[in-house]
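Visitor: Sharing protein-v2.txt, compact mmCIF, C-alpha atoms:
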```
# COMPACT_ATOMS: atom_id res chain seq x y z
CA MET A 1 -104.46 87.96 55.49
CA SER A 2 -102.45 87.58 58.69
CA GLN A 3 -103.05 83.80 58.59
CA GLY A 4 -101.59 83.70 55.06
CA VAL A 5 -98.54 85.64 56.18
CA SER A 6 -98.20 83.36 59.19
CA ALA A 7 -98.40 80.22 57.03
CA THR A 8 -95.83 81.63 54.61
CA GLN A 9 -93.50 82.48 57.49
CA HIS A 10 -93.96 78.99 58.91
CA ASP A 11 -93.01 77.41 55.55
CA SER A 12 -90.01 79.69 55.27
CA ASP A 13 -88.86 78.79 58.79
CA ALA A 14 -89.35 75.06 58.12
CA ASN A 15 -87.33 75.29 54.89
CA ALA A 16 -84.53 77.16 56.65
CA ARG A 17 -84.52 74.57 59.44
CA ARG A 18 -84.48 71.71 56.91
CA LYS A 19 -81.54 73.27 55.07
CA GLN A 20 -79.65 73.70 58.34
CA ILE A 21 -80.26 70.07 59.33
CA VAL A 22 -79.09 68.77 55.93
CA THR A 23 -76.01 71.01 55.84
CA GLN A 24 -74.96 69.89 59.32
CA ALA A 25 -75.51 66.20 58.50
CA VAL A 26 -73.56 66.35 55.23
CA ARG A 27 -70.72 68.18 56.98
CA GLU A 28 -70.72 65.53 59.71
CA ILE A 29 -70.77 62.59 57.31
CA SER A 30 -67.75 63.98 55.49
CA HIS A 31 -65.77 62.90 58.55
CA ILE A 32 -67.40 59.46 58.66
CA ALA A 33 -67.81 58.12 55.14
CA THR A 34 -66.37 59.78 52.08
CA LEU A 35 -65.81 58.69 48.52
CA PRO A 36 -62.28 57.42 47.96
CA GLU A 37 -60.01 60.07 46.51
CA ILE A 38 -59.55 58.05 43.33
CA THR A 39 -63.31 58.02 42.72
CA ILE A 40 -63.46 61.80 43.04
CA LYS A 41 -60.56 62.11 40.57
CA ILE A 42 -62.37 59.82 38.12
CA ILE A 43 -65.54 61.92 38.35
CA GLU A 44 -63.51 65.09 37.70
CA ILE A 45 -61.79 63.54 34.68
CA VAL A 46 -64.99 62.25 33.09
CA GLU A 47 -66.81 65.54 33.67
CA ASP A 48 -63.92 67.44 32.02
CA PRO A 49 -64.67 67.65 28.25
CA ASP A 50 -60.95 67.86 27.49
CA SER A 51 -60.11 64.55 29.19
CA THR A 52 -59.22 61.41 27.25
CA ALA A 53 -59.38 57.66 27.81
CA HIS A 54 -55.62 57.80 28.47
CA ASP A 55 -56.16 60.23 31.37
CA LEU A 56 -58.67 57.85 32.92
CA HIS A 57 -56.40 54.85 32.35
CA MET A 58 -53.52 56.60 34.18
CA ILE A 59 -55.73 57.05 37.27
CA ILE A 60 -57.29 53.57 37.36
CA ALA A 61 -53.99 51.78 36.66
CA ASN A 62 -52.75 52.97 40.09
CA ASP A 63 -55.54 51.15 41.95
CA PRO A 64 -55.34 47.34 41.60
CA ALA A 65 -58.66 46.78 43.38
CA LEU A 66 -60.47 49.15 41.02
CA CYS A 67 -58.71 47.59 38.02
CA ALA A 68 -60.03 44.20 39.10
CA ARG A 69 -63.53 45.61 39.59
CA VAL A 70 -63.63 47.21 36.12
CA LEU A 71 -62.41 44.00 34.47
CA LYS A 72 -64.95 41.95 36.44
CA VAL A 73 -67.78 44.20 35.24
CA VAL A 74 -66.70 44.38 31.60
CA ASN A 75 -66.44 40.58 31.46
CA SER A 76 -69.77 39.96 33.22
CA ALA A 77 -73.20 39.11 31.84
CA PHE A 78 -74.10 42.71 32.66
CA TYR A 79 -72.55 43.86 29.38
CA GLY A 80 -72.64 40.66 27.38
CA LEU A 81 -69.47 41.47 25.43
CA PRO A 82 -67.84 38.60 23.52
CA GLY A 83 -64.59 37.12 24.77
CA GLN A 84 -62.47 38.01 27.79
CA ILE A 85 -61.16 41.55 28.14
CA GLY A 86 -57.84 41.52 30.02
CA SER A 87 -56.70 45.10 29.53
CA ILE A 88 -57.97 48.16 31.41
CA ASN A 89 -57.27 50.30 28.37
CA ARG A 90 -59.40 47.99 26.21
CA ALA A 91 -62.12 48.00 28.85
CA ILE A 92 -62.23 51.80 28.89
CA VAL A 93 -62.43 51.90 25.09
CA LEU A 94 -65.24 49.33 25.02
CA LEU A 95 -67.25 50.75 27.90
CA GLY A 96 -66.60 54.45 27.51
CA LEU A 97 -65.44 56.93 30.14
CA ASN A 98 -68.90 57.45 31.63
CA ALA A 99 -69.51 53.75 32.23
CA VAL A 100 -66.14 53.34 33.94
CA LYS A 101 -66.93 56.35 36.15
CA ASN A 102 -70.20 54.68 37.13
CA ILE A 103 -68.41 51.40 37.98
CA ALA A 104 -65.99 53.30 40.24
CA ILE A 105 -68.84 55.05 42.05
CA ALA A 106 -70.80 51.81 42.39
CA ALA A 107 -67.77 50.07 43.91
CA SER A 108 -67.40 52.95 46.39
CA LEU A 109 -71.09 52.86 47.32
CA ALA A 110 -70.91 49.15 48.10
CA ARG A 111 -68.41 49.96 50.86
CA LEU A 112 -70.59 52.72 52.31
CA PHE A 113 -73.72 50.60 52.70
CA ARG A 114 -72.23 48.38 55.36
CA GLY A 115 -73.27 48.09 58.97
CA GLY A 116 -75.25 46.06 61.42
CA ARG A 117 -78.98 45.81 61.98
CA LEU A 118 -80.51 49.06 63.25
CA SER A 119 -83.88 47.55 64.13
CA PRO A 120 -85.86 44.31 63.66
CA SER A 121 -87.08 45.51 60.25
CA PHE A 122 -84.04 47.38 58.91
CA SER A 123 -80.33 46.96 58.27
CA ALA A 124 -77.83 48.53 55.87
CA LYS A 125 -77.70 45.16 54.09
CA ASP A 126 -81.49 45.30 53.53
CA LEU A 127 -81.18 48.80 52.09
CA TRP A 128 -78.30 47.73 49.81
CA ALA A 129 -80.35 44.77 48.50
CA HIS A 130 -83.23 47.13 47.70
CA SER A 131 -80.83 49.59 46.05
CA ILE A 132 -79.40 46.84 43.82
CA ALA A 133 -82.93 45.78 42.88
CA VAL A 134 -83.85 49.36 41.97
CA ALA A 135 -80.62 49.70 39.95
CA ALA A 136 -81.29 46.52 37.98
CA THR A 137 -84.93 47.48 37.43
CA THR A 138 -84.15 51.04 36.34
CA LYS A 139 -81.65 49.68 33.80
CA LEU A 140 -84.38 47.37 32.42
CA LEU A 141 -86.79 50.31 32.20
CA ALA A 142 -84.23 52.43 30.34
CA GLU A 143 -83.77 49.59 27.85
CA LYS A 144 -87.54 49.19 27.48
CA ALA A 145 -87.93 52.94 26.88
CA GLU A 146 -85.08 52.71 24.32
CA LEU A 147 -83.03 55.36 26.11
CA ARG A 148 -79.28 55.38 25.68
CA LEU A 149 -78.48 55.78 29.34
CA THR A 150 -78.57 52.27 30.78
CA ASP A 151 -75.29 52.70 32.72
CA GLU A 152 -76.47 55.98 34.19
CA ALA A 153 -79.87 54.43 34.95
CA PHE A 154 -78.22 51.59 36.87
CA LEU A 155 -76.10 53.91 39.00
CA ALA A 156 -79.01 56.30 39.61
CA GLY A 157 -81.09 53.40 40.93
CA LEU A 158 -78.20 52.20 43.06
CA MET A 159 -77.78 55.52 44.83
CA HIS A 160 -81.39 56.77 44.99
CA ASP A 161 -81.72 56.10 48.75
CA ILE A 162 -78.22 57.27 49.73
CA GLY A 163 -79.91 59.87 51.92
CA ILE A 164 -80.91 57.05 54.29
CA MET A 165 -77.23 56.20 54.63
CA VAL A 166 -76.67 59.80 55.75
CA GLU A 167 -79.46 59.39 58.32
CA MET A 168 -77.93 56.10 59.51
CA GLN A 169 -74.64 57.87 60.21
CA THR A 170 -75.94 61.14 61.67
CA VAL A 171 -79.45 60.72 63.17
CA ARG A 172 -79.60 56.97 63.80
CA PRO A 173 -81.98 56.96 66.82
CA LYS A 174 -84.46 59.17 64.98
CA LEU A 175 -84.22 57.00 61.86
CA VAL A 176 -85.01 53.92 63.94
CA GLU A 177 -88.01 55.78 65.32
CA VAL A 178 -89.16 56.61 61.78
CA ILE A 179 -88.87 52.95 60.76
CA GLU A 180 -90.36 51.36 63.86
CA ASP A 181 -92.73 53.91 65.40
CA ALA A 182 -94.21 55.88 62.52
CA GLY A 183 -97.62 54.30 63.21
CA GLY A 184 -98.44 53.65 59.61
CA GLU A 185 -97.79 57.19 58.39
CA PRO A 186 -95.88 57.55 55.09
CA PHE A 187 -92.09 57.33 55.47
CA LEU A 188 -91.41 60.83 54.10
CA GLN A 189 -94.00 62.35 56.42
CA ALA A 190 -92.56 60.54 59.44
CA GLU A 191 -89.04 61.69 58.51
CA GLN A 192 -90.17 65.29 58.22
CA ARG A 193 -91.95 65.15 61.58
CA LEU A 194 -89.24 63.32 63.53
CA ILE A 195 -86.02 64.42 61.81
CA GLY A 196 -86.98 67.74 60.25
CA ALA A 197 -85.82 66.66 56.77
CA THR A 198 -86.23 63.60 54.54
CA HIS A 199 -83.85 61.11 52.95
CA GLN A 200 -84.48 62.96 49.67
CA ASP A 201 -83.15 66.18 51.24
CA PHE A 202 -80.09 64.39 52.64
CA GLY A 203 -79.45 62.56 49.37
CA ARG A 204 -79.58 65.72 47.30
CA GLY A 205 -77.32 67.52 49.79
CA LEU A 206 -74.75 64.72 49.70
CA CYS A 207 -74.70 64.56 45.90
CA GLU A 208 -74.15 68.31 45.72
CA SER A 209 -71.39 68.10 48.34
CA TRP A 210 -69.66 65.27 46.46
CA LYS A 211 -70.05 67.22 43.19
CA PHE A 212 -71.97 64.47 41.43
CA PRO A 213 -73.63 65.31 38.09
CA ARG A 214 -76.85 67.29 38.58
CA SER A 215 -78.95 64.39 37.29
CA PHE A 216 -78.00 62.34 40.37
CA ALA A 217 -78.90 65.18 42.74
CA CYS A 218 -82.30 65.22 41.03
CA VAL A 219 -82.71 61.45 41.42
CA THR A 220 -81.76 61.36 45.11
CA GLY A 221 -83.76 64.51 45.85
CA TYR A 222 -87.00 63.87 43.95
CA HIS A 223 -87.39 60.13 43.26
CA HIS A 224 -90.68 60.00 45.16
CA HIS A 225 -92.14 62.99 43.26
CA PRO A 226 -90.35 63.11 39.88
CA LEU A 227 -92.95 65.19 38.04
CA VAL A 228 -92.15 68.31 40.11
CA LEU A 229 -88.89 68.56 38.13
CA ASP A 230 -88.62 70.40 34.83
CA ARG A 231 -89.18 68.07 31.90
CA GLU A 232 -85.57 68.17 30.67
CA MET A 233 -84.26 67.11 34.09
CA ARG A 234 -86.69 64.36 35.08
CA THR A 235 -86.22 61.43 32.65
CA LEU A 236 -83.80 59.56 34.90
CA THR A 237 -85.70 60.45 38.07
CA THR A 238 -88.99 59.19 36.63
CA LEU A 239 -87.39 55.87 35.69
CA VAL A 240 -85.92 55.49 39.18
CA HIS A 241 -89.32 56.32 40.70
CA ILE A 242 -90.89 53.48 38.71
CA GLY A 243 -87.94 51.19 39.47
CA ASP A 244 -88.36 51.90 43.18
CA ILE A 245 -92.02 50.87 43.05
CA LEU A 246 -91.36 47.70 41.03
CA ALA A 247 -88.51 46.66 43.35
CA ALA A 248 -90.91 47.14 46.28
CA ARG A 249 -93.44 44.93 44.48
CA SER A 250 -90.74 42.31 44.12
CA LYS A 251 -90.16 42.41 47.90
CA ILE A 252 -86.37 42.60 47.63
CA GLY A 253 -84.67 44.25 50.62
CA PHE A 254 -86.01 47.24 52.54
CA ALA A 255 -88.78 49.09 50.68
CA GLY A 256 -90.38 50.99 53.56
CA THR A 257 -89.94 54.33 51.82
CA VAL A 258 -92.37 53.40 49.03
CA ALA A 259 -95.84 54.66 49.95
CA SER A 260 -97.70 52.76 47.21
CA THR A 261 -96.85 49.97 44.78
CA GLU A 262 -99.18 51.47 42.16
CA ILE A 263 -97.64 53.59 39.40
CA ALA A 264 -99.56 56.78 38.59
CA SER A 265 -100.74 56.95 34.98
CA ASP A 266 -99.17 60.40 34.43
CA VAL A 267 -95.80 59.00 35.55
CA LEU A 268 -96.08 56.10 33.09
CA ASP A 269 -97.05 58.52 30.33
CA ASP A 270 -94.08 60.73 31.17
CA ALA A 271 -91.73 57.74 30.91
CA LYS A 272 -93.38 56.70 27.63
CA LEU A 273 -94.04 53.24 29.03
CA ALA A 274 -97.17 51.08 28.85
CA ASP A 275 -98.63 48.54 31.28
CA LYS A 276 -97.32 45.70 29.09
CA ASP A 277 -93.79 47.13 29.40
CA ILE A 278 -94.10 47.16 33.18
CA GLN A 279 -95.33 43.56 33.22
CA LYS A 280 -92.39 42.44 31.08
CA VAL A 281 -89.90 44.25 33.32
CA MET A 282 -91.45 42.65 36.42
CA GLU A 283 -90.80 39.23 34.89
CA GLN A 284 -87.15 40.13 34.26
CA ILE A 285 -86.37 41.55 37.72
CA PRO A 286 -85.34 38.31 39.53
CA GLU A 287 -82.66 37.40 36.98
CA ALA A 288 -81.49 41.02 36.55
CA TYR A 289 -81.19 41.39 40.33
CA THR A 290 -79.12 38.19 40.61
CA VAL A 291 -76.70 39.41 37.91
CA ALA A 292 -76.36 42.84 39.53
CA ASP A 293 -75.92 41.39 43.02
CA GLN A 294 -73.09 39.12 41.82
CA LEU A 295 -71.55 42.08 40.00
CA LEU A 296 -71.38 44.20 43.14
CA ALA A 297 -70.37 41.40 45.54
```
Once you've parsed the file, please lay out its structure as structure tokens.
Guide:
Amino acid sequence: MSQGVSATQHDSDANARRKQIVTQAVREISHIATLPEITIKIIEIVEDPDSTAHDLHMIIANDPALCARVLKVVNSAFYGLPGQIGSINRAIVLLGLNAVKNIAIAASLARLFRGGRLSPSFSAKDLWAHSIAVAATTKLLAEKAELRLTDEAFLAGLMHDIGIMVEMQTVRPKLVEVIEDAGGEPFLQAEQRLIGATHQDFGRGLCESWKFPRSFACVTGYHHHPLVLDREMRTLTTLVHIGDILAARSKIGFAGTVASTEIASDVLDDAKLADKDIQKVMEQIPEAYTVADQLLA
């Protein structure tokens, strides 16, 4: 009995310690790398059910760089719309508020994932390449599963490993140790042992701090174990989990967090995907990655 109590106390202490580590890191990163104020305003507008396309247009029109980014995306092969769209208002109408919000966040993320090489096998650029590959793959999976959330799927894939960016900024020496000296142990296990929390913990904490939709906190916090989430909250996370594995199979960028390139059958069943769907998506990844990479350049 006393051993059970001791084990429970140990788990409770570890959880409290993990929460403290994440809270401190997220607080620290707020002084290092934050979302631009305009991106935060866009998120607030889109999440407000009373907002209109006009409200969003008034915000974006004040940022020439973001205007250019939105027009670049709407006119790209990513959407495949006919003709050239030259008006931000028209772009918002065609894409919808949510898609424009996702473009703004994606543009902000591209600026955050910059930095030199941390170790011989890892750099921010490597992580960004992997993130783009996961984004492109998750979008393909959402299309294959006939889910009407391809924009959300793309952004979820893009930001799934944002917790590693938190580690890069706040516990860099320990992250290098995880990457280089883990001795073959799974990435999550090495993080827990050496840092006291994992990139999933940091990712979830950052999404909550930045007031992202709950679905993104789920993706960043549980993309390695999506089935622990309640069914109504795990669709996007399950797709990202599969996208993460397929991007690792494709050997694009840094994929050291992926413990296995095999997809569990219960995960495939949950996503309502078959082996033939996965094979088709694998064939489409190189082209989809190229399009997405050009889009975010």
Visitor: Of the candidates A:Asp230, A:Glu152, A:Glu185, A:Asp201, which shows the shortest atom-to-atom distance to A:Lys139, using only C-alpha atoms?
Guide: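 Checking each candidate against A:Lys139, we get A:Glu152 as the closest.
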Visitor: Need the shell around A:Met282: protein/DNA/RNA residues with any atom at most 9 Å away, counting all atoms listed in the file. Skip same-chain ones fewer than 2 positions apart. Format as number ranges by chain?
Guide: A: 137, 246-247, 249-250, 277-280, 284-286
Visitor: Select, from A:Gln192, A:Ser209, A:Val281, A:Thr220, the residue with the minimum atom-to-atom distance to A:Ala14, counting all atoms listed in the file.
Guide: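 Comparing A:Gln192, A:Ser209, A:Val281, A:Thr220 against A:Ala14, the winner is A:Gln192.
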Visitor: Just checking: using all atoms listed in the file, which residue out of A:Ile21, A:Ile29, A:Ala271, A:Leu149 ends up closest to A:Gln169?
Guide: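 Looking only at the distances to A:Gln169, the closest residue turns out to be A:Ile29.
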Visitor: If I take atom CA of A:Ala156 and atom CA of A:Ser123, how far is one from the other in Å, to one decimal?
Guide: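 Separation of atom CA of A:Ala156 and atom CA of A:Ser123: 20.9 Å.
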Visitor: When you look at A:Gly196 with a cut-off of 10 Å (counting all atoms listed in the file), what residues show up, excluding the ones that are within fewer than 5 positions of it in the same chain? I need them as a ChimeraX atom specification.
Guide: /A:14-15,17-22,189-191,201
Visitor: Atom CA of A:Val70 to atom CA of A:Val291: how many Å, to one decimal?
Guide: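 These two atoms are separated by 15.3 Å.
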Visitor: Which one is closest to A:Leu273: A:Leu155, A:His223, A:Phe212, A:Glu146? Count all atoms listed in the file.
Guide: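 Among the listed residues, the smallest separation from A:Leu273 belongs to A:Glu146.
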Visitor: With a distance cut-off of 12 Å and all atoms listed in the file, select the neighbouring residues of A:His130, excluding the residue or stretch itself and same-chain residues fewer than 4 positions from it, and output the selection as a ChimeraX atom specification.
Guide: /A:113,122-126,134-137,157-162,243-258,285,289,292-293
Visitor: What is the distance, in Å and to one decimal place, between atom CA of A:Ala264 and atom CA of A:Thr150?
Guide: 22.8 Å
Visitor: Using all atoms listed in the file, which of A:Leu229, A:Leu127, A:Ala297, A:Ala104 sits nearest A:Ile60?
Guide: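 When distances to A:Ile60 are compared using all atoms listed in the file, the smallest one comes from A:Ala104.
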Visitor: Select, from A:Leu94, A:Ala110, A:Leu147, A:Leu118, the residue with the minimum atom-to-atom distance to A:Ser131, counting all atoms listed in the file.
Guide: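 Smallest distance to A:Ser131 is found for A:Ala110.
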Visitor: Excluding same-chain residues fewer than 3 positions from A:Leu206, what lies within 12 Å of it counting only C-alpha atoms, as an MDAnalysis selection string?
Guide: chainID A and resid 22:30 33:35 159:167 199:203 209:214 216:221
Visitor: Suppose we keep C-alpha atoms; can you now write the selection as a tab-separated table (two decimals), in the frame of the given file?
Guide:
```tsv
chain	number	residue	atom	x	y	z
A	22	VAL	CA	-79.09	68.77	55.93
A	23	THR	CA	-76.01	71.01	55.84
A	24	GLN	CA	-74.96	69.89	59.32
A	25	ALA	CA	-75.51	66.20	58.50
A	26	VAL	CA	-73.56	66.35	55.23
A	27	ARG	CA	-70.72	68.18	56.98
A	28	GLU	CA	-70.72	65.53	59.71
A	29	ILE	CA	-70.77	62.59	57.31
A	30	SER	CA	-67.75	63.98	55.49
A	33	ALA	CA	-67.81	58.12	55.14
A	34	THR	CA	-66.37	59.78	52.08
A	35	LEU	CA	-65.81	58.69	48.52
A	159	MET	CA	-77.78	55.52	44.83
A	160	HIS	CA	-81.39	56.77	44.99
A	161	ASP	CA	-81.72	56.10	48.75
A	162	ILE	CA	-78.22	57.27	49.73
A	163	GLY	CA	-79.91	59.87	51.92
A	164	ILE	CA	-80.91	57.05	54.29
A	165	MET	CA	-77.23	56.20	54.63
A	166	VAL	CA	-76.67	59.80	55.75
A	167	GLU	CA	-79.46	59.39	58.32
A	199	HIS	CA	-83.85	61.11	52.95
A	200	GLN	CA	-84.48	62.96	49.67
A	201	ASP	CA	-83.15	66.18	51.24
A	202	PHE	CA	-80.09	64.39	52.64
A	203	GLY	CA	-79.45	62.56	49.37
A	209	SER	CA	-71.39	68.10	48.34
A	210	TRP	CA	-69.66	65.27	46.46
A	211	LYS	CA	-70.05	67.22	43.19
A	212	PHE	CA	-71.97	64.47	41.43
A	213	PRO	CA	-73.63	65.31	38.09
A	214	ARG	CA	-76.85	67.29	38.58
A	216	PHE	CA	-78.00	62.34	40.37
A	217	ALA	CA	-78.90	65.18	42.74
A	218	CYS	CA	-82.30	65.22	41.03
A	219	VAL	CA	-82.71	61.45	41.42
A	220	THR	CA	-81.76	61.36	45.11
A	221	GLY	CA	-83.76	64.51	45.85
```
Visitor: Counting all atoms listed in the file, find the residues whose atoms lie at most 12 Å from (-68.8, 56.8, 33.8) (file coordinates) and write them out as an MDAnalysis selection string.
Guide: chainID A and resid 39:48 53 56 70 92:93 95:106 149:156 212:213
